[in-house]
Structures are given as structure tokens and as C-alpha cells.
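Source file: final-v2.cif (mmCIF, C-alpha atoms)
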```cif
data_final
#
loop_
_atom_site.label_atom_id
_atom_site.label_comp_id
_atom_site.auth_asym_id
_atom_site.auth_seq_id
_atom_site.Cartn_x
_atom_site.Cartn_y
_atom_site.Cartn_z
CA PRO A 1 67.45 88.53 123.47
CA TYR A 2 64.74 91.18 123.81
CA TYR A 3 62.93 90.38 120.56
CA ALA A 4 60.32 88.12 122.23
CA THR A 5 59.63 90.80 124.84
CA PHE A 6 58.99 93.81 122.62
CA VAL A 7 57.70 92.53 119.28
CA PRO A 8 54.44 90.97 120.59
CA VAL A 9 53.63 94.24 122.41
CA LEU A 10 54.28 96.30 119.27
CA LYS A 11 52.16 93.94 117.17
CA ASN A 12 49.28 94.36 119.62
CA ILE A 13 49.54 98.15 119.35
CA ILE A 14 49.54 98.00 115.54
CA ALA A 15 46.52 95.68 115.51
CA GLY A 16 44.52 97.55 118.14
CA ALA A 17 45.38 101.25 117.80
CA LYS A 18 42.90 102.13 115.06
CA ASP A 19 41.36 105.30 116.53
CA LYS A 20 42.26 108.63 114.97
CA SER A 21 43.62 109.93 118.28
CA VAL A 22 46.35 107.24 118.38
CA ARG A 23 47.47 107.27 114.75
CA LEU A 24 50.89 108.69 115.66
CA LEU A 25 51.37 105.98 118.29
CA ARG A 26 50.48 103.30 115.75
CA GLY A 27 52.87 104.80 113.20
CA LYS A 28 55.73 104.81 115.69
CA ALA A 29 54.95 101.20 116.63
CA VAL A 30 55.18 100.27 112.95
CA ASP A 31 58.52 102.04 112.66
CA CYS A 32 59.83 100.38 115.82
CA VAL A 33 58.86 96.81 114.91
CA CYS A 34 60.24 97.19 111.37
CA THR A 35 63.51 98.57 112.73
CA ILE A 36 63.78 95.63 115.12
CA GLY A 37 63.02 93.24 112.26
CA ALA A 38 65.73 94.78 110.10
CA ALA A 39 68.19 94.44 112.99
CA VAL A 40 67.51 90.77 113.81
CA GLY A 41 67.26 89.63 110.21
CA ARG A 42 65.04 87.44 108.10
CA GLU A 43 65.34 84.19 110.00
CA THR A 44 63.96 85.71 113.20
CA PHE A 45 61.55 88.28 111.79
CA ALA A 46 60.06 86.45 108.81
CA ARG A 47 56.92 85.05 110.45
CA ASP A 48 56.09 88.21 112.35
CA ALA A 49 56.77 90.25 109.22
CA LEU A 50 53.83 88.57 107.49
CA GLU A 51 51.43 89.58 110.26
CA VAL A 52 52.82 93.11 110.42
CA MET A 53 52.55 93.54 106.64
CA GLN A 54 48.91 92.43 106.65
CA GLU A 55 48.09 95.03 109.30
CA MET A 56 50.04 97.73 107.49
CA MET A 57 48.39 97.05 104.14
CA GLY A 58 44.97 97.11 105.79
CA THR A 59 45.53 100.67 107.03
CA GLN A 60 42.99 103.21 105.79
CA ILE A 61 44.57 106.56 104.94
CA CYS A 62 41.82 109.17 104.65
CA GLU A 63 43.77 112.39 105.22
CA ALA A 64 46.88 113.71 103.50
CA ASP A 65 48.43 114.71 106.84
CA ASP A 66 47.90 111.31 108.47
CA PRO A 67 51.10 110.77 110.52
CA GLN A 68 51.05 107.05 109.68
CA ILE A 69 51.93 107.65 106.02
CA VAL A 70 55.66 108.22 106.45
CA PHE A 71 55.99 105.37 108.97
CA LEU A 72 54.15 102.94 106.70
CA GLU A 73 56.30 103.65 103.68
CA THR A 74 59.51 103.56 105.68
CA GLY A 75 58.33 100.29 107.21
CA PHE A 76 57.64 98.77 103.80
CA VAL A 77 61.19 99.64 102.72
CA LYS A 78 62.73 98.08 105.84
CA ILE A 79 60.69 94.89 105.54
CA ALA A 80 61.56 94.63 101.84
CA GLU A 81 65.26 94.89 102.69
CA CYS A 82 64.82 92.21 105.36
CA LEU A 83 62.78 89.74 103.30
CA GLY A 84 64.33 90.30 99.88
CA ALA A 85 62.56 88.36 97.12
CA ASP A 86 59.92 87.12 99.60
CA PHE A 87 58.55 90.67 99.65
CA ALA A 88 57.41 90.30 96.03
CA GLN A 89 54.00 88.99 97.09
CA PHE A 90 53.23 92.37 98.69
CA LEU A 91 54.32 94.59 95.79
CA PRO A 92 51.00 94.57 93.86
CA THR A 93 49.48 96.44 96.82
CA VAL A 94 52.28 98.62 98.13
CA ILE A 95 53.88 99.77 94.88
CA GLN A 96 50.84 101.41 93.26
CA PRO A 97 50.59 104.46 95.58
CA THR A 98 54.36 104.92 95.26
CA LEU A 99 54.19 104.84 91.46
CA GLN A 100 51.35 107.37 91.53
CA ARG A 101 53.32 109.74 93.74
CA ALA A 102 56.44 109.37 91.60
CA ALA A 103 54.38 110.31 88.55
CA THR A 104 52.68 113.29 90.18
CA LYS A 105 53.08 116.55 88.31
CA PRO A 106 54.12 119.29 90.77
CA GLU A 107 51.51 121.99 91.15
CA VAL A 108 52.48 125.27 89.51
CA GLN A 109 50.93 128.72 89.61
CA ASP A 110 51.51 131.71 87.33
CA ILE A 111 53.04 134.63 89.21
CA ASP A 112 52.64 138.28 88.25
CA ILE A 113 55.76 139.83 89.76
CA SER A 114 54.51 143.34 88.97
CA ASP A 115 51.84 142.91 91.64
CA GLY A 116 54.38 141.91 94.26
CA ALA A 117 52.53 138.65 94.80
CA GLU A 118 53.74 136.42 97.60
CA LEU A 119 53.86 132.65 97.38
CA PRO A 120 52.33 130.41 100.02
CA GLU A 121 54.72 128.86 102.52
CA GLY A 122 56.43 125.82 101.02
CA TRP A 123 56.37 127.16 97.45
CA GLN A 124 59.30 128.31 95.33
CA MET A 125 59.45 130.87 92.54
CA MET A 126 61.26 129.94 89.34
CA THR A 127 61.31 130.86 85.66
CA ILE A 128 60.34 128.53 82.84
CA GLY A 129 61.01 130.23 79.53
CA ASP A 130 59.46 133.68 79.83
CA LEU A 131 57.11 132.67 82.62
CA PHE A 132 57.45 133.31 86.33
CA VAL A 133 55.81 130.47 88.20
CA GLY A 134 55.45 129.24 91.73
CA VAL A 135 56.12 125.52 92.32
CA ASN A 136 54.89 123.42 95.22
CA THR A 137 58.15 122.19 96.76
CA GLU A 138 56.37 119.71 99.03
CA GLN A 139 55.28 117.79 95.95
CA ILE A 140 58.83 117.90 94.56
CA VAL A 141 60.19 116.38 97.78
CA ASP A 142 57.42 113.76 97.81
CA LYS A 143 58.11 112.88 94.18
CA THR A 144 61.84 112.47 94.86
CA THR A 145 61.14 110.28 97.88
CA ALA A 146 58.78 108.04 95.89
CA ILE A 147 61.40 107.42 93.19
CA THR A 148 63.97 106.63 95.88
CA VAL A 149 61.57 104.12 97.46
CA LEU A 150 61.10 102.42 94.08
CA SER A 151 64.87 102.17 93.78
CA SER A 152 65.06 100.56 97.21
CA TYR A 153 62.41 97.98 96.27
CA ALA A 154 64.37 97.11 93.13
CA ALA A 155 67.61 96.77 95.11
CA SER A 156 65.99 94.56 97.74
CA LEU A 157 64.05 92.27 95.41
CA GLU A 158 66.60 92.13 92.57
CA GLY A 159 65.24 89.72 89.93
CA ALA A 160 61.84 89.48 91.65
CA PHE A 161 61.30 93.14 90.76
CA TYR A 162 61.44 92.37 87.03
CA PRO A 163 57.65 92.51 86.36
CA TYR A 164 57.58 96.14 87.52
CA ILE A 165 60.51 97.50 85.53
CA GLU A 166 58.43 98.63 82.56
CA SER A 167 55.94 100.51 84.77
CA VAL A 168 58.74 102.21 86.68
CA LEU A 169 60.56 103.24 83.50
CA LYS A 170 57.40 104.88 82.16
CA VAL A 171 57.40 107.06 85.27
CA VAL A 172 61.09 107.86 85.73
CA LEU A 173 62.34 108.35 82.17
CA PRO A 174 60.42 111.65 81.68
CA GLU A 175 61.89 112.87 84.97
CA LEU A 176 65.40 112.81 83.50
CA LYS A 177 64.36 116.14 81.94
CA CYS A 178 62.44 117.47 84.94
CA VAL A 179 62.68 121.27 84.91
CA PHE A 180 61.61 121.79 88.51
CA HIS A 181 64.54 120.56 90.58
CA GLU A 182 67.81 118.67 90.35
CA SER A 183 66.78 116.25 93.13
CA VAL A 184 64.11 114.72 90.90
CA ARG A 185 66.52 114.29 87.99
CA LYS A 186 69.16 112.75 90.27
CA ALA A 187 66.68 110.24 91.73
CA ALA A 188 65.61 109.28 88.21
CA TYR A 189 69.21 108.77 87.11
CA ASP A 190 70.10 106.81 90.26
CA ILE A 191 67.34 104.23 89.83
CA LEU A 192 68.33 103.23 86.28
CA PRO A 193 71.41 101.11 87.18
CA GLN A 194 69.37 99.21 89.76
CA LEU A 195 66.64 98.50 87.23
CA MET A 196 69.30 97.12 84.90
CA ILE A 197 70.55 94.82 87.68
CA SER A 198 67.00 93.59 88.31
CA ALA A 199 66.47 92.97 84.61
CA LYS A 200 69.72 90.99 84.37
CA ALA A 201 68.95 88.96 87.51
CA SER A 202 65.68 87.51 86.24
CA PRO A 203 64.07 86.78 82.87
CA PRO A 204 60.42 87.78 82.38
CA THR A 205 58.38 85.02 83.99
CA SER A 206 55.28 86.76 85.32
CA SER A 207 53.17 89.87 85.01
CA ALA A 208 52.86 92.37 87.84
CA SER A 209 49.21 92.96 87.00
CA GLY A 210 48.45 89.29 87.20
CA SER A 211 49.60 88.95 90.80
CA SER A 212 47.14 90.72 93.05
CA SER A 213 46.76 88.54 96.12
CA THR A 214 48.12 90.03 99.33
CA THR A 215 47.97 86.89 101.48
CA PRO A 216 49.34 83.92 99.53
CA SER A 217 50.98 80.95 101.19
CA TRP A 218 54.49 81.97 102.08
CA THR A 219 57.72 80.16 102.91
CA PRO A 220 60.73 82.42 103.54
CA SER A 221 63.69 81.69 101.31
CA PRO A 222 67.21 81.31 102.78
CA ALA A 223 68.72 84.52 104.10
CA ARG A 224 71.13 86.39 101.87
CA PRO A 225 74.54 87.25 103.31
CA THR A 226 74.40 90.90 102.41
CA THR A 227 72.27 93.79 103.66
CA ARG A 228 71.61 97.23 102.32
CA PRO A 229 71.14 100.51 104.17
CA SER A 230 67.72 102.06 103.77
CA PRO A 231 67.54 105.08 101.46
CA LEU A 232 65.03 106.50 103.95
CA ALA A 233 67.44 106.45 106.87
CA SER A 234 67.18 110.20 106.75
CA SER A 235 64.27 112.21 105.48
CA PRO A 236 64.66 113.77 102.03
CA SER A 237 65.64 117.37 102.28
CA THR A 238 63.65 120.21 100.89
CA PRO A 239 65.21 121.72 97.72
CA ALA A 240 67.85 124.27 98.63
CA SER A 241 66.18 127.06 96.74
CA ALA A 242 62.86 126.54 98.47
CA SER A 243 61.59 128.29 101.56
CA SER A 244 63.49 127.43 104.72
CA SER A 245 60.23 126.49 106.43
CA SER A 246 58.89 122.97 106.22
CA PRO A 247 56.66 122.63 103.14
CA VAL A 248 52.95 122.46 103.71
CA SER A 249 50.03 121.32 101.63
CA PRO A 250 49.18 123.75 98.80
CA ARG A 251 46.48 126.30 99.39
CA PRO A 252 43.52 126.18 97.02
CA SER A 253 44.29 128.18 93.92
CA SER A 254 43.85 128.04 90.19
CA THR A 255 46.89 126.48 88.60
CA THR A 256 48.38 126.34 85.18
CA SER A 257 51.03 124.08 83.76
CA PRO A 258 53.68 125.62 81.48
CA SER A 259 53.93 124.00 78.09
CA SER A 260 57.56 123.13 78.73
CA SER A 261 56.75 120.98 81.79
CA PRO A 262 57.60 117.29 81.45
CA PRO A 263 54.71 114.86 80.98
CA CYS A 264 53.40 113.19 84.11
CA SER A 265 50.46 111.15 85.26
CA SER A 266 47.80 112.53 87.58
CA ALA A 267 48.40 112.41 91.33
CA GLY A 268 47.01 109.50 93.29
CA SER A 269 45.98 109.20 96.91
CA ARG A 270 48.34 107.65 99.40
CA THR A 271 46.42 104.66 100.63
CA TRP A 272 47.26 101.09 101.40
CA GLN A 273 44.48 98.58 101.78
CA ALA A 274 44.57 94.86 101.16
CA THR A 275 41.99 93.70 98.64
#
```
Written as C-alpha cells, how would this file's structure read?
Amino acid sequence: PYYATFVPVLKNIIAGAKDKSVRLLRGKAVDCVCTIGAAVGRETFARDALEVMQEMMGTQICEADDPQIVFLETGFVKIAECLGADFAQFLPTVIQPTLQRAATKPEVQDIDISDGAELPEGWQMMTIGDLFVGVNTEQIVDKTTAITVLSSYAASLEGAFYPYIESVLKVVLPELKCVFHESVRKAAYDILPQLMISAKASPPTSSASGSSSTTPSWTPSPARPTTRPSPLASSPSTPASASSSSPVSPRPSSTTSPSSSPPCSSAGSRTWQAT
């Protein structure tokens, strides 16, 4: 009964709070409206979801520590779970930054233990072969989260996710042998059954690269009887062997990548903007 009272106010905040000083407020408004939408379901939220998604995808992310980032991605997941296959029209825009983050190669730094060198906060020391290296644990957590988000999209869209299966497999299959942390390997294993379900649910009928519009005409399909809990209900934990402090962005340093590291694509910026 309170939907009509709160949602218009939250939409106004999302549309109007563009100044840097109110980014956190805008992010929390996004999280709130998406949580309400997930609670009331597709039939009630569908029309407002379109407006909210357009505002979210138009967000400019210029700084890595922008507080809106986590709220935007969590919001995308919640709206995908609410809309199901209707969310497919937004995937060409929202999935690319997630794929880039999932493919990011964690930053590593050679460590000379004879010098008693200390790692920056948020880094972890480990051995790879005969090498002692420091690994940026923030990037490991971010990589794990990105793979989990991809799994959620596949679960929510089912057969509509089919055009993206090949791109996702290219990213996650190398991570089955990730040497940096078990959480990455587990996320890569966990997404495979869901990709198989998506592949079985729909034959190849379209190409992900050929669908780039973010504002096509849209008619919500009938609501499905089942719902799924969000994999982002709780924030991904930092690897157990990492520093107990919250990971921070890496400090500038020269880095090397051990020859035994798994192949990965270059890191991409976390931005969402409708084209």
C-alpha cells in the first residue's frame, strides 16, 4: 500500500541527485527503489523499472571509489530478478563492465622477503612456484563478485541469456585454474550449471553484439511464479588469508605477472552509460 507514496520520491532523487556531493544519497535511493520493486513484483514495478533503468544506465562513473558503483550493480541484479526475460534489452549495456571485471587479471608484485618488505594494506603474500608475490585482494573480491553477478543474470533471464553464454565462457573457463584464490575458482564452477540451463532453455536466435539499443519498445511478459534470492544479498567476503582490514585500491607500483598465472583480459572501467 505504500508503493505509490515512496517510489515517486525515490525516482525524483535518482533523476535529480547528480552532484558529486550527493552520490551516496543517489546510490541509496537506487538500492531502495530496486528493493521495493523486488518486493512488490513485476506486475507492479515493471513500468517504473524502465524509467529507473534508464537513469541508472545513464550514470557517469568517473572515479573508482564512487559510492554509486555497488548500488548500481546490486540494483541491476534485483531488477533482472524482478523482470526476468524482459531484462534482456538492457544486457548489451550493463553486462560489458561486468564481463571486463570478471576477466581482470589481479595485480601482482614480486616480493623480496630478504628485505623484510611489507605489502600495502589489502594485499596478500603467496607463493607461485619459486616466487614470492603480493596479490591485490581487492581485485580478487571484485572478480569473484563479477562472476557471481553474471551467474545471477543467467539465472534470472534463463533462455534470454543464451546470446551471452559464449562470451561468459571465454571469461570463466580460465578461472577454473585460478591460482590466486579458491573463491574465484568456486564462482567459476558455480556459474557453469546455470549456463547449461540457459543454453537448454533457448536455441540460438540472436546475437548479443547485434542488440545494442537501450530503450526499445517494451511490453512486460507475464510474471513467473518463482523468485530467486539475490546472490548479492550479502557483500562478498575478503579472502580468509588476506589482511583483516578492508581492501583498498592498489598503490602505484611496478608489477610483474608470474608465468604460471592464468590468462585474463585487461581490466576495464566500471561505467554504465546508455548509448
Subject >> Between CA of Ile79 (chain A) and CA of Gly58 (chain A), distance in Å (one decimal) >> reply: 15.9 Å
Subject >> Close residues, Ala199 (chain A) itself excluded, 12 Å, all atoms listed in the file, min 6 positions apart in chain, as a list in words >> reply: Ala154, Ala155, Leu157, Glu158, Gly159, Ala160, Phe161, Tyr162, Pro163, Tyr164, Ile165, Glu166, Leu169, Leu192, Pro193 and Thr205 of chain A
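The coordinates place CA of Phe71 (chain A) at 17.5 Å from CA of Glu138 (chain A).
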**OP:** Up to 9 Å from (54.4, 124.4, 93.4) in the file's coordinates: name the residues, counting only C-alpha atoms, as a list in words.
**Re:**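 Collected hits near the coordinates: Pro106, Glu107, Val108, Gln109, Gly122, Trp123, Gln124, Met125, Val133, Gly134, Val135, Asn136, Thr137, Glu138, Gln139, Ile140 and Pro250 of chain A.
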Original post:
What is the distance between CA of Val33 (chain A) and CA of Ile13 (chain A), in Å to one decimal?
Top reply: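 Computing it gives 10.4 Å between the two atoms.
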Original post:
Near Val30 (chain A), counting all atoms listed in the file, which residues have an atom at most 12 Å away, once you skip same-chain residues fewer than 3 positions from it, shown as a ChimeraX atom specification?
Top reply: /A:7,9-15,17,23-27,33-37,49,51-57,59,67-79
For those residues, write C-alpha atoms to a file as a compact mmCIF listing (two decimals), in the frame of the given file.
```
# COMPACT_ATOMS: atom_id res chain seq x y z
CA VAL A 7 57.70 92.53 119.28
CA VAL A 9 53.63 94.24 122.41
CA LEU A 10 54.28 96.30 119.27
CA LYS A 11 52.16 93.94 117.17
CA ASN A 12 49.28 94.36 119.62
CA ILE A 13 49.54 98.15 119.35
CA ILE A 14 49.54 98.00 115.54
CA ALA A 15 46.52 95.68 115.51
CA ALA A 17 45.38 101.25 117.80
CA ARG A 23 47.47 107.27 114.75
CA LEU A 24 50.89 108.69 115.66
CA LEU A 25 51.37 105.98 118.29
CA ARG A 26 50.48 103.30 115.75
CA GLY A 27 52.87 104.80 113.20
CA VAL A 33 58.86 96.81 114.91
CA CYS A 34 60.24 97.19 111.37
CA THR A 35 63.51 98.57 112.73
CA ILE A 36 63.78 95.63 115.12
CA GLY A 37 63.02 93.24 112.26
CA ALA A 49 56.77 90.25 109.22
CA GLU A 51 51.43 89.58 110.26
CA VAL A 52 52.82 93.11 110.42
CA MET A 53 52.55 93.54 106.64
CA GLN A 54 48.91 92.43 106.65
CA GLU A 55 48.09 95.03 109.30
CA MET A 56 50.04 97.73 107.49
CA MET A 57 48.39 97.05 104.14
CA THR A 59 45.53 100.67 107.03
CA PRO A 67 51.10 110.77 110.52
CA GLN A 68 51.05 107.05 109.68
CA ILE A 69 51.93 107.65 106.02
CA VAL A 70 55.66 108.22 106.45
CA PHE A 71 55.99 105.37 108.97
CA LEU A 72 54.15 102.94 106.70
CA GLU A 73 56.30 103.65 103.68
CA THR A 74 59.51 103.56 105.68
CA GLY A 75 58.33 100.29 107.21
CA PHE A 76 57.64 98.77 103.80
CA VAL A 77 61.19 99.64 102.72
CA LYS A 78 62.73 98.08 105.84
CA ILE A 79 60.69 94.89 105.54
```
Subject >> Resolved residues for the PyMOL selection byres ((chain A and resi 42) around 7) as a PyMOL selection string >> reply: chain A and resi 41+43-46+82-83+223
Original post:
What do you get, as a PyMOL selection string, if you spell out every residue that the PyMOL selection byres ((chain A and resi 179-190) around 8) selects here?
Top reply: chain A and resi 128+135+140+143-144+147-148+151+172-173+175-178+191-194+239+261-262
